[in-house]
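Asks: Input: one structure, supplied below.
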Amino acid sequence: MSVSLEVRVLATPQELFQAAAKMFVSKANAAVERQGRFTVALSGGSTPKGLYTLLATDFQSSIPWERIFFFWGDERHVPPGHPDSNYRMAYTALLSKVPVPPQNVFRIPAEDQNPDAVAEAYEKTLRGFFQLRPGQLPRFDLLLLGMGPDGHTASLFPGTRALEERARLVAPNWVEKFKAYRITLTLPALNHSACIVFLVSGEDKATTLRSVLEGNSSAEQLPASMVRPTDGRLLWLLDRTAAGGLKLVP
Ligand code: 6PG
């Protein structure tokens, strides 16, 4: 088991997106060269939009789109055309603008009214694509994650049931503060990725980020601090405002 933790601080959000885009291009080309494909699980929220836009524009010609397979780390329990949909955000900013074959895009079917059925369906998709035997975990070449000010990541929120799930790959998760379900990959599925990259921007995350990265007694309660690849690379790409609270950063 090997885990490397890296933290890079970029001066501005735009520089953060540039660094993330260069990392994406490098990993995508290396994976396609090595194994003929690149599997990536996208993050939702708003921060990644800057990255997705760069990939669709400045970096589009550097990426082997036809060999890339897209998944999501989580989804809101809404149809794909809903303004809150993580799929919709990625489709609008990226997937609708690049020549990725539609059959390479595996969105979470969150239009189903039954959140448990959504999770089961997506787990079946992952098991089929990665040809998993019982007990095996998917291994994304790249997993993109964000972090909320409360330390949540994907749709694993502090104190929610899915945080404890260790058998399922994908679980429904009731989030009381939103009075809504989310669908999320579970920690075992997330942590089996080859490379996990957090993109964190904004001053509102600085305090939590310090807890997660510089550890303190309450850190273990934070979902983002529970993301540790079992055998892979963990990279935190931060902008200076998010990194403001870190002691380790000059
Ligand atoms: C979601 C995301 C979520 C997100 C964080 C940070 O569905 O909202 O998966 O985990 O990454 O909430 O969101 P921002 O990047 O918008 O701050």
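Following the order of the structure tokens, chains are lettered A, B, ..., residues in each are numbered from 1, and ligands are numbered from 1.
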For ligand 1, return the neighbouring residues as a ChimeraX atom specification (distance at most 7 Å; only C-alpha atoms and all ligand atoms).

Replies: /A:43-48,73-76,86,145-148,152-155,200

Asks: Include all heavy atoms and write out the residues we just selected as a short mmCIF file (atom, residue, chain, number, x, y, z; two decimals), in the first residue's frame.

Replies:
data_model
loop_
_atom_site.label_atom_id
_atom_site.label_comp_id
_atom_site.auth_asym_id
_atom_site.auth_seq_id
_atom_site.Cartn_x
_atom_site.Cartn_y
_atom_site.Cartn_z
N SER A 43 -16.17 15.55 -10.47
CA SER A 43 -16.79 16.15 -9.29
C SER A 43 -17.87 17.12 -9.74
O SER A 43 -17.86 17.62 -10.87
CB SER A 43 -15.73 16.93 -8.49
OG SER A 43 -16.36 17.65 -7.44
N GLY A 44 -18.79 17.37 -8.83
CA GLY A 44 -19.85 18.33 -9.11
C GLY A 44 -19.57 19.65 -8.41
O GLY A 44 -18.41 20.00 -8.16
N GLY A 45 -20.62 20.36 -8.08
CA GLY A 45 -20.44 21.68 -7.46
C GLY A 45 -20.06 22.71 -8.51
O GLY A 45 -20.26 22.51 -9.71
N SER A 46 -19.46 23.80 -8.05
CA SER A 46 -19.16 24.90 -8.99
C SER A 46 -17.67 25.02 -9.31
O SER A 46 -17.30 25.39 -10.42
CB SER A 46 -19.67 26.22 -8.42
OG SER A 46 -19.10 26.41 -7.12
N THR A 47 -16.81 24.69 -8.36
CA THR A 47 -15.36 24.89 -8.61
C THR A 47 -14.88 24.21 -9.89
O THR A 47 -14.18 24.84 -10.70
CB THR A 47 -14.53 24.41 -7.40
OG1 THR A 47 -14.93 25.15 -6.25
CG2 THR A 47 -13.05 24.61 -7.64
N PRO A 48 -15.23 22.94 -10.12
CA PRO A 48 -14.66 22.25 -11.30
C PRO A 48 -15.06 22.88 -12.63
O PRO A 48 -14.43 22.61 -13.65
CB PRO A 48 -15.20 20.83 -11.20
CG PRO A 48 -15.74 20.69 -9.84
CD PRO A 48 -16.16 22.06 -9.39
N GLY A 73 -18.61 11.13 -9.28
CA GLY A 73 -18.43 10.71 -7.89
C GLY A 73 -19.71 10.84 -7.10
O GLY A 73 -19.92 10.16 -6.08
N ASP A 74 -20.60 11.69 -7.56
CA ASP A 74 -21.89 11.85 -6.88
C ASP A 74 -22.85 12.64 -7.76
O ASP A 74 -22.46 13.20 -8.78
CB ASP A 74 -21.74 12.55 -5.53
CG ASP A 74 -21.42 14.04 -5.67
OD1 ASP A 74 -20.58 14.39 -6.51
OD2 ASP A 74 -22.04 14.85 -4.96
N GLU A 75 -24.10 12.64 -7.34
CA GLU A 75 -25.13 13.35 -8.10
C GLU A 75 -26.24 13.77 -7.16
O GLU A 75 -26.49 13.13 -6.14
CB GLU A 75 -25.67 12.47 -9.23
CG GLU A 75 -26.64 13.14 -10.20
CD GLU A 75 -26.07 14.40 -10.85
OE1 GLU A 75 -26.12 15.47 -10.19
OE2 GLU A 75 -25.57 14.31 -11.98
N ARG A 76 -26.85 14.87 -7.51
CA ARG A 76 -28.04 15.28 -6.76
C ARG A 76 -29.19 14.41 -7.25
O ARG A 76 -29.18 13.91 -8.35
CB ARG A 76 -28.32 16.76 -7.03
CG ARG A 76 -27.32 17.72 -6.35
CD ARG A 76 -26.00 17.78 -7.07
NE ARG A 76 -25.01 18.64 -6.47
CZ ARG A 76 -24.99 19.97 -6.56
NH1 ARG A 76 -25.94 20.58 -7.18
NH2 ARG A 76 -24.02 20.68 -5.98
N ASN A 86 -25.24 17.64 -11.41
CA ASN A 86 -23.79 17.65 -11.67
C ASN A 86 -23.50 17.22 -13.11
O ASN A 86 -22.55 17.72 -13.73
CB ASN A 86 -23.06 16.71 -10.70
CG ASN A 86 -23.00 17.28 -9.29
OD1 ASN A 86 -23.06 18.50 -9.10
ND2 ASN A 86 -22.89 16.42 -8.30
N LEU A 145 -12.39 15.55 -6.90
CA LEU A 145 -13.28 15.82 -5.77
C LEU A 145 -13.20 17.30 -5.40
O LEU A 145 -12.20 17.98 -5.66
CB LEU A 145 -12.86 14.98 -4.54
CG LEU A 145 -13.11 13.47 -4.62
CD1 LEU A 145 -12.51 12.78 -3.40
CD2 LEU A 145 -14.60 13.16 -4.74
N GLY A 146 -14.27 17.77 -4.77
CA GLY A 146 -14.24 19.09 -4.16
C GLY A 146 -14.45 18.91 -2.66
O GLY A 146 -14.59 17.79 -2.17
N MET A 147 -14.48 20.02 -1.94
CA MET A 147 -14.75 19.96 -0.51
C MET A 147 -15.61 21.14 -0.12
O MET A 147 -15.35 22.28 -0.53
CB MET A 147 -13.43 20.01 0.29
CG MET A 147 -13.64 19.75 1.77
SD MET A 147 -12.18 20.18 2.76
CE MET A 147 -12.34 21.98 2.80
N GLY A 148 -16.65 20.87 0.64
CA GLY A 148 -17.49 21.96 1.11
C GLY A 148 -16.93 22.55 2.40
O GLY A 148 -16.06 21.96 3.05
N HIS A 152 -17.52 18.20 3.74
CA HIS A 152 -18.06 17.11 2.92
C HIS A 152 -17.29 17.01 1.62
O HIS A 152 -16.69 17.97 1.15
CB HIS A 152 -19.56 17.29 2.67
CG HIS A 152 -19.92 18.21 1.55
ND1 HIS A 152 -20.24 19.55 1.74
CD2 HIS A 152 -20.00 18.00 0.22
CE1 HIS A 152 -20.51 20.11 0.58
NE2 HIS A 152 -20.35 19.20 -0.36
N THR A 153 -17.34 15.81 1.03
CA THR A 153 -16.78 15.61 -0.30
C THR A 153 -17.66 14.58 -1.02
O THR A 153 -18.32 13.78 -0.36
CB THR A 153 -15.32 15.14 -0.25
OG1 THR A 153 -14.77 15.16 -1.58
CG2 THR A 153 -15.18 13.76 0.36
N ALA A 154 -17.69 14.66 -2.33
CA ALA A 154 -18.72 13.95 -3.10
C ALA A 154 -20.05 14.30 -2.42
O ALA A 154 -20.29 15.48 -2.15
CB ALA A 154 -18.45 12.45 -3.16
N SER A 155 -20.87 13.30 -2.09
CA SER A 155 -22.06 13.64 -1.29
C SER A 155 -22.01 12.92 0.05
O SER A 155 -23.02 12.47 0.60
CB SER A 155 -23.34 13.30 -2.05
OG SER A 155 -23.61 14.31 -3.02
N VAL A 200 -9.83 22.82 -4.52
CA VAL A 200 -10.48 23.62 -3.46
C VAL A 200 -10.12 25.09 -3.62
O VAL A 200 -8.94 25.44 -3.65
CB VAL A 200 -10.08 23.12 -2.06
CG1 VAL A 200 -10.88 23.86 -0.98
CG2 VAL A 200 -10.32 21.61 -1.94
#

Asks: Could you pull the residues within 10 Å of range 163-165 of chain A, counting only C-alpha atoms, minus those fewer than 2 positions along the same chain, as a list in words?

Replies: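 Near neighbours after the sequence-gap exclusion: His152, Ser155, Leu156, Phe157, Pro158, Gly159, Thr160, Arg161, Ala167, Arg168, Leu169, Val170, Ala171, Asn173, Thr184, Leu185, Thr186, Leu187, Pro188, Leu222, Pro223 and Met226 of chain A.
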
Asks: Show me, as a VMD selection string, the residues that have an atom within 8 Å of Gly202 in chain A when counting only C-alpha atoms, minus same-chain residues fewer than 6 positions from it.

Replies: chain A and resid 239 241 to 242

Asks: Take the residues from that selection and write them out as a short mmCIF file (atom, residue, chain, number, x, y, z; two decimals), in the first residue's frame, keeping N, CA, C and O atoms.

Replies:
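The result, stored in selection30.cif:
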data_model
loop_
_atom_site.label_atom_id
_atom_site.label_comp_id
_atom_site.auth_asym_id
_atom_site.auth_seq_id
_atom_site.Cartn_x
_atom_site.Cartn_y
_atom_site.Cartn_z
N ASP A 239 -6.29 27.10 -4.11
CA ASP A 239 -5.88 28.47 -4.41
C ASP A 239 -5.49 29.12 -3.09
O ASP A 239 -5.75 28.59 -2.00
N THR A 241 -6.51 31.59 -1.37
CA THR A 241 -7.52 31.95 -0.37
C THR A 241 -7.93 30.71 0.43
O THR A 241 -8.05 30.77 1.65
N ALA A 242 -8.05 29.57 -0.25
CA ALA A 242 -8.42 28.35 0.48
C ALA A 242 -7.28 27.89 1.37
O ALA A 242 -7.50 27.33 2.45
#

Asks: With only C-alpha atoms as the atoms that count, which of A:Arg67, A:Arg88, A:Arg182, A:Lys247 lies nearest to Lys49 in chain A?

Replies: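 The closest residue to Lys49 in chain A is A:Arg88.
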
Asks: Have a look at A:Ser201, A:Thr53, A:Asn191, A:Asn29 and name the one nearest to Leu137 in chain A; count only C-alpha atoms.

Replies: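 For Leu137 in chain A, the nearest of the candidates is A:Asn191.
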
Asks: Can you list, as a count of residues only, every protein, DNA or RNA residue that comes within 10 Å of Ala20 in chain A when you count only C-alpha atoms, leaving out same-chain residues fewer than 3 positions away?

Replies: 19

Asks: Figure out the distance between CA of Leu132 in chain A and CA of Tyr91 in chain A, please, to one decimal in Å.

Replies: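 Taking CA of Tyr91 in chain A and CA of Leu132 in chain A, their separation equals 27.3 Å.
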
Asks: List the spatial neighbours of Pro172 in chain A as a list in words - criterion: any atom at most 9 Å away, only C-alpha atoms, same-chain residues fewer than 5 positions off excluded.

Replies: His77, Pro115, Asp116, Ala117, Val118, Ala119, Glu120, Arg161, Ala162, Tyr181, Arg182, Ile183, Thr184 and Leu185 of chain A

Asks: Range 41-156 of chain A: which residues are strand (DSSP E) by DSSP, as a list in words?

Replies: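 So the strand (DSSP E) residues in range 41-156 of chain A would be Ala41, Leu42, Ile68, Phe69, Phe70, Phe71, Trp72, Asp74, Glu75, Arg76, Leu142, Leu143, Leu144 and Leu145 of chain A.
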
Asks: Using only C-alpha atoms, determine which residues lie at most 12 Å from Ala31 in chain A, disregarding the query and same-chain residues fewer than 3 positions distant; provide the list as a ChimeraX atom specification.

Replies: /A:24-28,34-40,63-64,67-69,140-142,194-195

Asks: Give me, please, the distance in Å between CA of Phe70 in chain A and CA of Val9 in chain A, quoted to one decimal.

Replies: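 It comes out at 26.6 Å.
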
Asks: Just how far from CA of Gly245 in chain A is CA of Arg8 in chain A, in Å to one decimal?

Replies: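 Separation of CA of Arg8 in chain A and CA of Gly245 in chain A: 14.1 Å.
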
Asks: Could you pull the residues within 7 Å of Glu111 in chain A, counting only C-alpha atoms, minus those fewer than 3 positions along the same chain, as number ranges by chain?

Replies: A: 77-80

Asks: Run DSSP on the backbone and grab whatever in range 95-224 of chain A lands in alpha helix (DSSP H); send it over as a PyMOL selection string.

Replies: chain A and resi 115-129+187-191+206-214
